[in-house]
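Containing TSV, C-alpha atoms and all ligand atoms: data10.tsv.
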```
chain	number	residue	atom	x	y	z
N	528	MET	CA	0.00	0.00	0.00
N	529	PRO	CA	1.65	3.31	-1.09
N	530	ASP	CA	2.32	5.97	1.45
N	531	LYS	CA	-0.82	7.99	2.26
N	532	ASN	CA	0.69	11.31	1.13
N	533	LEU	CA	1.58	9.77	-2.21
N	534	ARG	CA	-1.94	8.36	-2.65
N	535	ILE	CA	-3.50	11.76	-1.97
N	536	ARG	CA	-1.16	13.41	-4.47
N	537	ARG	CA	-1.84	10.75	-7.14
N	538	ALA	CA	-5.59	11.16	-6.68
N	539	GLY	CA	-5.31	14.95	-7.28
N	540	PRO	CA	-5.30	16.82	-10.61
N	541	ASP	CA	-3.11	15.27	-13.38
N	542	GLU	CA	-1.63	18.56	-14.52
N	543	PRO	CA	0.10	20.78	-11.97
N	544	ARG	CA	-1.75	24.11	-11.74
N	545	ARG	CA	-0.06	27.23	-13.08
N	546	ARG	CA	1.56	29.14	-10.26
N	547	PRO	CA	0.57	32.84	-10.08
N	548	VAL	CA	2.97	35.71	-9.41
N	549	MET	CA	2.34	36.72	-5.79
N	550	ILE	CA	3.07	40.14	-4.28
N	551	ALA	CA	2.60	41.16	-0.62
N	552	ILE	CA	1.86	44.74	0.41
N	553	ALA	CA	2.22	44.93	4.20
N	554	GLY	CA	2.00	47.79	6.67
N	555	ASP	CA	0.10	49.20	9.61
N	556	SER	CA	-3.47	50.46	9.51
N	557	ALA	CA	-3.80	53.51	7.18
N	558	ALA	CA	-0.24	53.13	5.87
N	559	GLY	CA	-1.64	53.32	2.30
N	560	LYS	CA	-1.90	49.62	1.39
N	561	THR	CA	-5.38	49.79	-0.16
N	562	THR	CA	-4.55	53.00	-2.04
N	563	LEU	CA	-1.39	51.46	-3.55
N	564	THR	CA	-3.14	48.17	-4.32
N	565	ARG	CA	-6.17	49.74	-6.00
N	566	GLY	CA	-4.07	51.39	-8.73
N	567	LEU	CA	-2.27	48.11	-9.48
N	568	VAL	CA	-5.51	46.12	-9.64
N	569	ASP	CA	-7.18	48.66	-11.94
N	570	ALA	CA	-4.11	48.94	-14.20
N	571	LEU	CA	-3.76	45.16	-14.57
N	572	GLY	CA	-7.49	44.43	-14.93
N	573	PRO	CA	-9.54	41.48	-13.64
N	574	GLN	CA	-8.25	39.02	-16.29
N	575	ARG	CA	-4.69	39.41	-15.06
N	576	CYS	CA	-5.04	40.22	-11.40
N	577	VAL	CA	-6.93	39.45	-8.21
N	578	SER	CA	-6.35	41.06	-4.80
N	579	LEU	CA	-7.24	40.12	-1.26
N	580	CYS	CA	-6.85	41.67	2.16
N	581	THR	CA	-5.59	39.69	5.14
N	582	ASP	CA	-7.81	41.70	7.54
N	583	ASP	CA	-10.38	39.11	6.47
N	584	TYR	CA	-8.62	36.62	8.75
N	585	HIS	CA	-9.65	38.53	11.91
N	586	ARG	CA	-10.68	35.89	14.45
N	587	TYR	CA	-13.20	38.12	16.26
N	588	ASP	CA	-15.70	40.69	15.07
N	589	ARG	CA	-15.62	44.29	16.32
N	590	ALA	CA	-18.05	43.71	19.19
N	591	GLU	CA	-16.12	40.66	20.43
N	592	ARG	CA	-12.81	42.54	20.16
N	593	ARG	CA	-14.01	45.28	22.54
N	594	ASP	CA	-13.66	42.97	25.55
N	595	LEU	CA	-10.31	41.45	24.62
N	596	PRO	CA	-6.98	42.38	26.20
N	597	PHE	CA	-5.37	42.77	22.75
N	598	THR	CA	-6.17	44.52	19.45
N	599	ALA	CA	-6.54	43.48	15.78
N	600	LEU	CA	-2.75	43.89	15.52
N	601	HIS	CA	-2.07	40.90	17.75
N	602	PRO	CA	-1.45	37.54	16.02
N	603	ASP	CA	-3.89	35.88	18.47
N	604	CYS	CA	-6.62	38.14	17.12
N	605	ASN	CA	-6.25	36.59	13.65
N	606	TYR	CA	-6.42	33.12	12.07
N	607	LEU	CA	-2.84	33.41	10.83
N	608	GLU	CA	-2.40	29.67	10.35
N	609	ILE	CA	-5.42	29.60	8.03
N	610	MET	CA	-4.06	32.71	6.26
N	611	GLU	CA	-0.78	30.82	5.71
N	612	GLN	CA	-2.62	27.75	4.38
N	613	HIS	CA	-4.59	29.94	1.98
N	614	LEU	CA	-1.46	31.74	0.80
N	615	GLN	CA	0.17	28.36	0.12
N	616	LEU	CA	-2.88	27.22	-1.87
N	617	LEU	CA	-2.97	30.42	-3.93
N	618	ALA	CA	0.79	30.29	-4.50
N	619	THR	CA	0.40	26.83	-6.03
N	620	GLY	CA	-2.52	27.92	-8.20
N	621	SER	CA	-5.47	26.59	-6.15
N	622	PRO	CA	-8.68	28.45	-5.24
N	623	ILE	CA	-9.60	29.31	-1.66
N	624	LEU	CA	-12.81	30.04	0.23
N	625	LYS	CA	-11.71	33.19	2.03
N	626	PRO	CA	-13.37	34.59	5.15
N	627	VAL	CA	-14.67	38.17	4.82
N	628	TYR	CA	-14.46	40.96	7.42
N	629	ASP	CA	-16.76	43.89	6.66
N	630	HIS	CA	-15.00	47.11	7.67
N	631	ALA	CA	-18.25	49.08	7.40
N	632	THR	CA	-20.13	47.03	10.01
N	633	GLY	CA	-17.26	45.33	11.86
N	634	GLU	CA	-18.90	41.92	11.20
N	635	LEU	CA	-17.55	38.67	9.80
N	636	VAL	CA	-19.77	37.82	6.82
N	637	ARG	CA	-20.25	35.09	4.17
N	638	PRO	CA	-16.93	33.74	2.82
N	639	GLU	CA	-16.02	34.28	-0.83
N	640	LEU	CA	-14.34	32.17	-3.49
N	641	VAL	CA	-10.99	33.51	-4.70
N	642	GLU	CA	-9.57	31.94	-7.86
N	643	PRO	CA	-5.94	32.83	-8.47
N	644	ALA	CA	-5.45	35.11	-11.50
N	645	PRO	CA	-1.97	35.23	-13.11
N	646	ILE	CA	-1.07	37.95	-10.57
N	647	VAL	CA	-2.26	37.82	-6.94
N	648	ILE	CA	-1.88	40.90	-4.71
N	649	VAL	CA	-2.15	40.31	-0.96
N	650	GLU	CA	-2.36	43.38	1.26
N	651	GLY	CA	-2.80	43.65	5.00
N	652	LEU	CA	-1.34	43.78	8.48
N	653	PHE	CA	0.31	40.33	8.50
N	654	PRO	CA	1.32	38.97	5.08
N	655	LEU	CA	5.04	38.96	6.02
N	656	HIS	CA	4.57	37.76	9.58
N	657	SER	CA	5.99	34.23	9.25
N	658	ARG	CA	8.60	32.38	7.25
N	659	LEU	CA	5.86	30.30	5.67
N	660	SER	CA	3.77	33.28	4.59
N	661	ARG	CA	6.86	35.08	3.21
N	662	ALA	CA	7.84	31.99	1.23
N	663	CYS	CA	4.61	32.29	-0.78
N	664	PHE	CA	5.56	35.64	-2.36
N	665	ASP	CA	7.70	36.59	-5.34
N	666	VAL	CA	7.84	40.29	-4.35
N	667	THR	CA	7.30	41.79	-0.91
N	668	VAL	CA	6.59	45.44	-0.10
N	669	PHE	CA	6.32	47.24	3.23
N	670	LEU	CA	4.64	50.66	3.46
N	671	ASP	CA	6.44	52.84	5.97
N	672	PRO	CA	5.06	56.39	6.19
N	673	PRO	CA	6.32	58.51	9.12
N	674	GLU	CA	4.06	57.89	12.14
N	675	GLU	CA	2.65	61.43	12.23
N	676	ILE	CA	1.57	61.12	8.59
N	677	ARG	CA	0.02	57.68	9.12
N	678	ARG	CA	-1.85	58.96	12.18
N	679	GLY	CA	-3.19	61.91	10.15
N	680	TRP	CA	-4.30	59.55	7.33
N	681	LYS	CA	-5.96	57.20	9.85
N	682	ILE	CA	-7.86	59.99	11.59
N	683	ALA	CA	-9.09	61.43	8.28
N	684	ARG	CA	-10.14	58.05	6.87
N	685	ASP	CA	-11.67	56.52	10.01
N	686	THR	CA	-13.67	59.67	10.90
N	687	GLY	CA	-14.66	60.28	7.24
N	688	LYS	CA	-15.46	56.74	6.09
N	689	ARG	CA	-15.68	54.40	9.09
N	690	GLY	CA	-17.84	56.43	11.47
N	691	TYR	CA	-15.31	56.96	14.32
N	692	SER	CA	-14.75	60.22	16.29
N	693	THR	CA	-11.24	61.74	16.33
N	694	GLU	CA	-10.96	60.91	20.07
N	695	ALA	CA	-11.85	57.27	19.42
N	696	VAL	CA	-9.22	56.97	16.64
N	697	LEU	CA	-6.53	58.59	18.82
N	698	ALA	CA	-7.38	56.27	21.73
N	699	GLU	CA	-7.26	53.23	19.40
N	700	LEU	CA	-3.89	54.32	17.97
N	701	ASP	CA	-2.49	54.51	21.52
N	702	ARG	CA	-4.00	51.15	22.45
N	703	ARG	CA	-2.40	49.56	19.36
N	704	GLU	CA	1.08	51.11	19.66
N	705	ALA	CA	2.80	48.28	21.58
N	706	GLU	CA	1.38	45.62	19.26
N	707	SER	CA	2.31	47.65	16.18
N	708	ALA	CA	5.91	47.78	17.45
N	709	ALA	CA	5.93	44.08	18.35
N	710	PHE	CA	4.15	42.52	15.36
N	711	ILE	CA	3.62	44.93	12.44
N	712	ARG	CA	6.74	47.10	12.15
N	713	PRO	CA	9.20	44.13	12.33
N	714	GLN	CA	7.86	42.97	8.95
N	715	ARG	CA	9.66	45.97	7.42
N	716	ALA	CA	13.00	44.17	7.81
N	717	THR	CA	11.91	41.31	5.53
N	718	ALA	CA	10.51	43.29	2.59
N	719	ASP	CA	12.19	43.49	-0.84
N	720	LEU	CA	10.93	47.06	-1.27
N	721	VAL	CA	10.19	49.60	1.46
N	722	VAL	CA	8.02	52.49	0.27
N	723	ARG	CA	7.80	55.73	2.26
N	724	PHE	CA	5.65	58.72	1.29
N	725	ALA	CA	6.89	61.78	3.19
N	726	PRO	CA	8.07	65.38	2.73
N	727	ILE	CA	11.80	65.74	2.01
N	728	GLU	CA	13.34	66.62	5.38
N	729	THR	CA	16.19	68.71	4.02
N	730	ARG	CA	13.88	70.99	1.99
N	731	ASP	CA	11.63	73.68	3.32
N	732	ASP	CA	8.77	73.10	0.88
N	733	PRO	CA	5.39	74.81	1.43
N	734	ALA	CA	2.87	72.67	3.33
N	735	ASP	CA	0.75	71.98	0.23
N	736	THR	CA	3.68	70.40	-1.68
N	737	PRO	CA	2.78	66.83	-2.71
N	738	LEU	CA	4.55	64.16	-0.65
N	739	SER	CA	7.68	62.64	-2.15
N	740	ALA	CA	8.34	58.89	-2.21
N	741	THR	CA	11.43	56.92	-1.27
N	742	VAL	CA	11.50	53.35	-2.58
N	743	MET	CA	14.22	51.27	-0.97
N	744	LEU	CA	15.32	48.53	-3.39
N	745	ARG	CA	16.84	45.75	-1.28
N	746	PRO	CA	19.12	43.28	-3.08
N	747	THR	CA	16.85	40.35	-2.07
N	748	ILE	CA	15.34	40.33	-5.60
N	749	ASP	CA	16.44	41.63	-9.03
N	750	HIS	CA	15.19	45.16	-9.62
N	751	PRO	CA	14.55	46.64	-13.06
N	752	ASP	CA	17.46	48.41	-14.72
N	753	LEU	CA	16.26	52.00	-14.61
N	754	THR	CA	19.19	53.52	-16.48
N	755	GLY	CA	17.12	53.77	-19.67
N	756	VAL	CA	14.37	55.62	-17.82
N	757	LEU	CA	16.60	57.93	-15.81
N	758	GLN	CA	17.56	60.03	-18.85
N	759	PRO	CA	19.33	63.34	-18.09
N	760	GLY	CA	16.14	65.40	-18.66
N	761	LEU	CA	14.12	63.33	-16.20
N	762	THR	CA	16.37	63.10	-13.14
N	763	ARG	CA	14.78	66.08	-11.40
N	764	ALA	CA	11.64	63.99	-10.90
N	765	MET	CA	13.44	60.82	-9.84
N	766	HIS	CA	16.96	59.62	-9.12
N	767	LEU	CA	18.79	56.70	-7.49
N	768	LYS	CA	20.79	57.15	-4.31
N	769	LEU	CA	22.90	54.85	-2.15
N	770	GLU	CA	21.72	55.05	1.47
N	771	ARG	CA	22.05	53.19	4.74
N	772	ASP	CA	19.15	50.84	5.40
N	773	PRO	CA	18.07	51.40	9.03
N	774	ASP	CA	17.64	47.59	9.17
N	775	GLY	CA	21.08	46.79	7.80
N	776	ARG	CA	23.58	47.50	5.08
N	777	PRO	CA	23.88	50.22	2.42
N	778	VAL	CA	21.04	49.95	-0.08
N	779	GLU	CA	19.96	51.66	-3.29
N	780	SER	CA	16.89	53.89	-2.98
N	781	LEU	CA	14.77	55.53	-5.62
N	782	HIS	CA	13.85	59.09	-4.69
N	783	VAL	CA	10.72	60.41	-6.39
N	784	HIS	CA	10.22	64.12	-5.84
N	785	GLY	CA	6.75	65.48	-5.12
N	786	TYR	CA	7.87	69.11	-5.62
N	787	VAL	CA	8.76	68.95	-9.35
N	788	PRO	CA	6.24	70.23	-11.91
N	789	ARG	CA	3.68	67.57	-12.78
N	790	GLU	CA	4.73	67.41	-16.47
N	791	GLU	CA	8.20	66.20	-15.44
N	792	SER	CA	6.78	63.38	-13.32
N	793	ILE	CA	4.40	62.44	-16.12
N	794	ALA	CA	7.34	62.18	-18.55
N	795	VAL	CA	8.97	59.65	-16.14
N	796	GLU	CA	5.68	57.74	-15.86
N	797	LYS	CA	5.42	57.53	-19.66
N	798	ALA	CA	9.03	56.33	-19.94
N	799	ILE	CA	8.44	53.51	-17.42
N	800	TRP	CA	5.09	52.57	-18.97
N	801	ALA	CA	6.66	52.44	-22.45
N	802	SER	CA	9.43	50.16	-21.15
N	803	LEU	CA	6.89	47.70	-19.73
N	804	ASP	CA	5.81	46.15	-23.05
N	805	ALA	CA	2.42	47.37	-21.93
N	806	PRO	CA	-0.37	48.10	-24.40
N	807	ASP	CA	0.51	51.04	-26.65
N	808	THR	CA	-1.60	53.53	-24.68
N	809	ASP	CA	-1.10	56.45	-22.34
N	810	THR	CA	-0.27	55.65	-18.71
N	811	PRO	CA	-3.57	54.54	-17.12
N	812	ASP	CA	-5.38	57.23	-15.12
N	813	CYS	CA	-5.95	54.82	-12.24
N	814	LEU	CA	-2.27	55.09	-11.27
N	815	GLY	CA	-1.50	57.76	-8.67
N	816	ARG	CA	-5.11	58.09	-7.53
N	817	VAL	CA	-5.60	59.06	-3.86
N	818	GLY	CA	-9.32	59.54	-3.15
N	819	ASP	CA	-10.37	62.28	-5.58
N	820	GLY	CA	-6.82	63.62	-5.90
N	821	ARG	CA	-3.55	62.50	-7.50
N	822	SER	CA	0.00	61.78	-6.38
N	823	GLU	CA	2.61	61.46	-9.11
N	824	PRO	CA	5.15	59.83	-6.73
N	825	LEU	CA	2.47	57.20	-5.98
N	826	ALA	CA	1.96	56.63	-9.73
N	827	ILE	CA	5.71	56.15	-10.20
N	828	ALA	CA	5.93	53.73	-7.23
N	829	GLN	CA	3.00	51.77	-8.70
N	830	LEU	CA	4.68	51.67	-12.13
N	831	LEU	CA	7.82	50.26	-10.57
N	832	LEU	CA	5.76	47.49	-8.96
N	833	LEU	CA	3.95	46.85	-12.25
N	834	TYR	CA	7.35	46.50	-13.87
N	835	HIS	CA	8.24	43.73	-11.41
N	836	LEU	CA	4.89	41.98	-11.77
N	837	MET	CA	4.74	42.05	-15.56
N	838	ASP	CA	8.35	40.96	-15.80
N	839	LEU	CA	7.76	37.98	-13.49
N	840	ASP	CA	4.50	37.10	-15.24
N	841	ARG	CA	6.27	37.04	-18.63
N	842	GLY	CA	9.12	34.93	-17.27
N	843	ARG	CA	6.91	32.11	-15.91
N	844	PRO	CA	7.02	28.68	-17.56
U	1	LIG	N1	0.45	57.78	-1.17
U	1	LIG	C1	-0.46	58.51	-0.51
U	1	LIG	N2	-0.43	59.86	-0.59
U	1	LIG	C2	-1.34	60.61	0.09
U	1	LIG	N3	-2.30	60.09	0.88
U	1	LIG	C3	-2.38	58.76	0.99
U	1	LIG	C4	-1.47	57.89	0.31
U	1	LIG	N4	-1.79	56.62	0.62
U	1	LIG	C5	-2.84	56.67	1.47
U	1	LIG	N5	-3.21	57.95	1.68
U	1	LIG	C6	-4.30	58.41	2.57
U	1	LIG	O1	-4.32	57.55	3.69
U	1	LIG	C7	-5.61	56.98	3.87
U	1	LIG	C8	-5.45	55.54	4.34
U	1	LIG	O2	-4.95	54.80	3.25
U	1	LIG	P1	-5.40	53.31	2.98
U	1	LIG	O3	-4.90	52.97	1.62
U	1	LIG	O4	-6.85	53.13	3.25
U	1	LIG	O5	-4.54	52.57	4.09
U	1	LIG	P2	-4.53	51.03	4.54
U	1	LIG	O6	-5.17	50.23	3.45
U	1	LIG	O7	-3.08	50.73	4.71
U	1	LIG	O8	-5.26	50.95	5.84
U	1	LIG	C9	-6.31	57.12	2.53
U	1	LIG	O9	-7.69	57.29	2.75
U	1	LIG	C10	-5.66	58.32	1.90
U	1	LIG	O10	-6.36	59.49	2.24
U	2	LIG	O1	-6.46	47.72	11.67
U	2	LIG	C1	-7.08	47.08	10.87
U	2	LIG	C2	-6.62	47.02	9.48
U	2	LIG	O2	-7.45	47.75	8.65
U	2	LIG	P1	-6.83	48.90	7.76
U	2	LIG	O3	-5.40	48.50	7.43
U	2	LIG	O4	-7.71	48.94	6.56
U	2	LIG	O5	-6.90	50.09	8.63
U	2	LIG	C3	-8.25	46.32	11.26
U	2	LIG	O6	-8.71	45.48	10.25
U	2	LIG	C4	-9.40	47.21	11.56
U	2	LIG	O7	-9.01	48.41	12.10
U	2	LIG	C5	-10.33	46.42	12.46
U	2	LIG	O8	-10.90	47.20	13.43
U	2	LIG	P2	-12.29	47.98	13.27
U	2	LIG	O9	-12.97	47.50	11.99
U	2	LIG	O10	-13.05	47.59	14.48
U	2	LIG	O11	-11.89	49.42	13.19
```

What does the file become when written as structure tokens?
Ligand SMILES: Nc1ncnc2c1ncn2[C@@H]1O[C@H](COP(=O)(O)OP(=O)(O)O)[C@@H](O)[C@H]1O
Ligand SMILES: O=C(COP(=O)(O)O)[C@H](O)[C@H](O)COP(=O)(O)O
Amino acid sequence: MPDKNLRIRRAGPDEPRRRPVMIAIAGDSAAGKTTLTRGLVDALGPQRCVSLCTDDYHRYDRAERRDLPFTALHPDCNYLEIMEQHLQLLATGSPILKPVYDHATGELVRPELVEPAPIVIVEGLFPLHSRLSRACFDVTVFLDPPEEIRRGWKIARDTGKRGYSTEAVLAELDRREAESAAFIRPQRATADLVVRFAPIETRDDPADTPLSATVMLRPTIDHPDLTGVLQPGLTRAMHLKLERDPDGRPVESLHVHGYVPREESIAVEKAIWASLDAPDTDTPDCLGRVGDGRSEPLAIAQLLLLYHLMDLDRGRP
């Protein structure tokens, strides 16, 4: 009698399923994960891409969480082992029946079927939490805005869209701080790219200047050769710099400047888009969208991620 594992494998599908390209976008609450993800999903389209949010693996609903001694940022507050199993299934091309957490009501609702598209984007608080979850991804990103900016974004979003008062958001941010430091921020050290939207500290730009972006390109994966894009006329909008990674060794970073005139950023966006073997169209409008406004540094960061995803998708067997 063959080994049980072997029998199960033999009884499964004859053809191995096609493995999707998997990208993780991790970060704390209101770090900009959904905003970054939305542009990628819209640019790639539903035939090529599916996204999911790991907040759906919350173990307790909002009412239950009120009486617990920890917050949604604690591993014990989430079904992380099930999240890992689902990531493994998706990474090998299998569908999952994913739980659903409704941010509007705070309730856990009917699960939904997720079939892996060629590109799978996973955003949330915990996608890089364990060795097993990290192993499922081809590209990993951590969003790292300065805390005062993240707090401002969280207050604006949670009072505007999720029905909280400013006092309630501030109290929740304080309640979460220790767990953010213990469980969310350590994921930064494992990411291939660390993206930070912030003003440039050494400049005294007016307050309404769009935020710049720094994209740290760790040598854990191959990054696109940007020398073709960084033509002399375009380097005011974006340039590469060697910096010290706060988590380790010197690392190359892409600096994307929010203060340059929009036309210059758009010329960089067009150059990256043209180098993507993308359809012969203008850069899609969905890139760079923040609510009803636009951020060109966000569009450029999204194009860089699209470059990785399309490149990996093309290179698959
Ligand atoms: N790159 C950005 N530039 C400016 N504002 C941003 C950016 N990313 C996010 N925001 C603001 O922060 C808020 C929270 O972002 P969101 O994407 O919902 O965060 P998360 O999904 O990480 O919780 C958004 O509603 C938006 O107003
Ligand atoms: O922190 C997050 C992540 O969400 P995001 O990254 O979108 O902020 C939790 O999912 C909610 O805050 C849950 O708490 P509640 O729904 O009770 O506020």

> To one decimal place, how far is CA of Gln758 (chain N) from CA of Thr741 (chain N) in Å?
Replying inline: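 Computing the Euclidean distance for CA of Gln758 (chain N) and CA of Thr741 (chain N) yields 18.9 Å.
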
>> From the options N:Leu744, N:Arg841, N:Val795, N:Arg771, which residue's atoms come nearest to Pro759 (chain N), counting all atoms listed in the file?
In response: N:Val795

>> What residues of the protein or nucleic acid chains come within 7 Å of ligand LIG 1 (chain U) when you use only C-alpha atoms and all ligand atoms? Reply as a ChimeraX atom specification.
In response: /N:554-563,677,680-681,683-684,724,738,817-818,822,825

>> When you count only C-alpha atoms, which of these residues is closest to Glu779 (chain N): N:Ile827, N:Leu814, N:Val721, N:Leu616?
In response: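 For Glu779 (chain N), the nearest of the candidates is N:Val721.
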
> Smallest atom-to-atom distance to Pro602 (chain N): which of N:Arg843, N:Arg637, N:His782, N:His656, using all atoms listed in the file?
Replying inline: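 Using all atoms listed in the file, Pro602 (chain N) sits closest to N:His656.
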
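Taking only C-alpha atoms and all ligand atoms into account, ligand LIG 2 (chain U) has within 7 Å the residues Asp555, Ser556, Ala557, Asp582, Arg589, Ala599, Leu600, His630, Gly633, Gly651 and Leu652 of chain N.
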
Find the spatial neighbours of His766 (chain N), counting all atoms listed in the file, within a cut-off of 9 Å - ignore same-chain residues fewer than 3 positions away - and output them as a compact mmCIF listing (two decimals) with C-alpha atoms, in the frame of the given file.
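Final file, part_36.txt:
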```txt
# COMPACT_ATOMS: atom_id res chain seq x y z
CA LEU N 757 16.60 57.93 -15.81
CA LEU N 761 14.12 63.33 -16.20
CA THR N 762 16.37 63.10 -13.14
CA ARG N 763 14.78 66.08 -11.40
CA SER N 780 16.89 53.89 -2.98
CA LEU N 781 14.77 55.53 -5.62
CA HIS N 782 13.85 59.09 -4.69
CA VAL N 783 10.72 60.41 -6.39
CA HIS N 784 10.22 64.12 -5.84
```

> Quick one: residues within 12 Å of Glu823 (chain N), all atoms listed in the file counted, chain neighbours fewer than 2 positions away excluded, as a PyMOL selection string?
Replying inline: chain N and resi 724+736-740+764-765+783-797+810+812-817+820-821+825-830

Write out, as an mmCIF file, keeping the file's coordinate frame, the residues just selected, with C-alpha atoms.
```cif
data_model
loop_
_atom_site.group_PDB
_atom_site.id
_atom_site.type_symbol
_atom_site.label_atom_id
_atom_site.label_comp_id
_atom_site.auth_asym_id
_atom_site.auth_seq_id
_atom_site.Cartn_x
_atom_site.Cartn_y
_atom_site.Cartn_z
ATOM 1 C CA PHE N 724 5.650 58.720 1.290
ATOM 2 C CA THR N 736 3.680 70.400 -1.680
ATOM 3 C CA PRO N 737 2.780 66.830 -2.710
ATOM 4 C CA LEU N 738 4.550 64.160 -0.650
ATOM 5 C CA SER N 739 7.680 62.640 -2.150
ATOM 6 C CA ALA N 740 8.340 58.890 -2.210
ATOM 7 C CA ALA N 764 11.640 63.990 -10.900
ATOM 8 C CA MET N 765 13.440 60.820 -9.840
ATOM 9 C CA VAL N 783 10.720 60.410 -6.390
ATOM 10 C CA HIS N 784 10.220 64.120 -5.840
ATOM 11 C CA GLY N 785 6.750 65.480 -5.120
ATOM 12 C CA TYR N 786 7.870 69.110 -5.620
ATOM 13 C CA VAL N 787 8.760 68.950 -9.350
ATOM 14 C CA PRO N 788 6.240 70.230 -11.910
ATOM 15 C CA ARG N 789 3.680 67.570 -12.780
ATOM 16 C CA GLU N 790 4.730 67.410 -16.470
ATOM 17 C CA GLU N 791 8.200 66.200 -15.440
ATOM 18 C CA SER N 792 6.780 63.380 -13.320
ATOM 19 C CA ILE N 793 4.400 62.440 -16.120
ATOM 20 C CA ALA N 794 7.340 62.180 -18.550
ATOM 21 C CA VAL N 795 8.970 59.650 -16.140
ATOM 22 C CA GLU N 796 5.680 57.740 -15.860
ATOM 23 C CA LYS N 797 5.420 57.530 -19.660
ATOM 24 C CA THR N 810 -0.270 55.650 -18.710
ATOM 25 C CA ASP N 812 -5.380 57.230 -15.120
ATOM 26 C CA CYS N 813 -5.950 54.820 -12.240
ATOM 27 C CA LEU N 814 -2.270 55.090 -11.270
ATOM 28 C CA GLY N 815 -1.500 57.760 -8.670
ATOM 29 C CA ARG N 816 -5.110 58.090 -7.530
ATOM 30 C CA VAL N 817 -5.600 59.060 -3.860
ATOM 31 C CA GLY N 820 -6.820 63.620 -5.900
ATOM 32 C CA ARG N 821 -3.550 62.500 -7.500
ATOM 33 C CA LEU N 825 2.470 57.200 -5.980
ATOM 34 C CA ALA N 826 1.960 56.630 -9.730
ATOM 35 C CA ILE N 827 5.710 56.150 -10.200
ATOM 36 C CA ALA N 828 5.930 53.730 -7.230
ATOM 37 C CA GLN N 829 3.000 51.770 -8.700
ATOM 38 C CA LEU N 830 4.680 51.670 -12.130
#
```

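Using all atoms listed in the file, the smallest distance between any of N:Ala618, N:Ala631, N:Leu533, N:Ile748 and Val668 (chain N) comes from N:Ile748.
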
>> I'd like to know which of N:Asp749, N:Glu634, N:Leu836, N:Thr619 is closest to Ala590 (chain N), using only C-alpha atoms.
In response: N:Glu634

> What is the CA of Leu624 (chain N) to CA of Arg534 (chain N) distance in Å?
Replying inline: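 It comes out at 24.4 Å.
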
Final N, CA and C atoms of region 594-605 of chain N as a PDB file, keeping the file's coordinate frame:
```pdb
ATOM      1  N   ASP N 594     -13.924  43.504  24.213  1.00  0.00           N
ATOM      2  CA  ASP N 594     -13.660  42.970  25.550  1.00  0.00           C
ATOM      3  C   ASP N 594     -12.356  42.197  25.649  1.00  0.00           C
ATOM      4  N   LEU N 595     -11.551  42.234  24.603  1.00  0.00           N
ATOM      5  CA  LEU N 595     -10.310  41.450  24.620  1.00  0.00           C
ATOM      6  C   LEU N 595      -9.131  42.277  25.118  1.00  0.00           C
ATOM      7  N   PRO N 596      -8.129  41.618  25.688  1.00  0.00           N
ATOM      8  CA  PRO N 596      -6.980  42.380  26.200  1.00  0.00           C
ATOM      9  C   PRO N 596      -5.968  42.743  25.114  1.00  0.00           C
ATOM     10  N   PHE N 597      -6.272  42.407  23.845  1.00  0.00           N
ATOM     11  CA  PHE N 597      -5.370  42.770  22.750  1.00  0.00           C
ATOM     12  C   PHE N 597      -6.180  43.323  21.595  1.00  0.00           C
ATOM     13  N   THR N 598      -5.477  43.880  20.568  1.00  0.00           N
ATOM     14  CA  THR N 598      -6.170  44.520  19.450  1.00  0.00           C
ATOM     15  C   THR N 598      -6.042  43.660  18.180  1.00  0.00           C
ATOM     16  N   ALA N 599      -6.604  44.194  17.071  1.00  0.00           N
ATOM     17  CA  ALA N 599      -6.540  43.480  15.780  1.00  0.00           C
ATOM     18  C   ALA N 599      -5.098  43.296  15.305  1.00  0.00           C
ATOM     19  N   LEU N 600      -4.162  43.986  15.917  1.00  0.00           N
ATOM     20  CA  LEU N 600      -2.750  43.890  15.520  1.00  0.00           C
ATOM     21  C   LEU N 600      -2.014  42.762  16.224  1.00  0.00           C
ATOM     22  N   HIS N 601      -2.717  42.015  17.059  1.00  0.00           N
ATOM     23  CA  HIS N 601      -2.070  40.900  17.750  1.00  0.00           C
ATOM     24  C   HIS N 601      -2.292  39.612  16.947  1.00  0.00           C
ATOM     25  N   PRO N 602      -1.242  38.786  16.774  1.00  0.00           N
ATOM     26  CA  PRO N 602      -1.450  37.540  16.020  1.00  0.00           C
ATOM     27  C   PRO N 602      -2.607  36.706  16.563  1.00  0.00           C
ATOM     28  N   ASP N 603      -2.811  36.695  17.897  1.00  0.00           N
ATOM     29  CA  ASP N 603      -3.890  35.880  18.470  1.00  0.00           C
ATOM     30  C   ASP N 603      -5.272  36.381  18.077  1.00  0.00           C
ATOM     31  N   CYS N 604      -5.325  37.570  17.515  1.00  0.00           N
ATOM     32  CA  CYS N 604      -6.620  38.140  17.120  1.00  0.00           C
ATOM     33  C   CYS N 604      -6.954  37.753  15.669  1.00  0.00           C
ATOM     34  N   ASN N 605      -6.087  36.936  15.069  1.00  0.00           N
ATOM     35  CA  ASN N 605      -6.250  36.590  13.650  1.00  0.00           C
ATOM     36  C   ASN N 605      -6.010  35.097  13.446  1.00  0.00           C
TER      37      ASN N 605
END
```
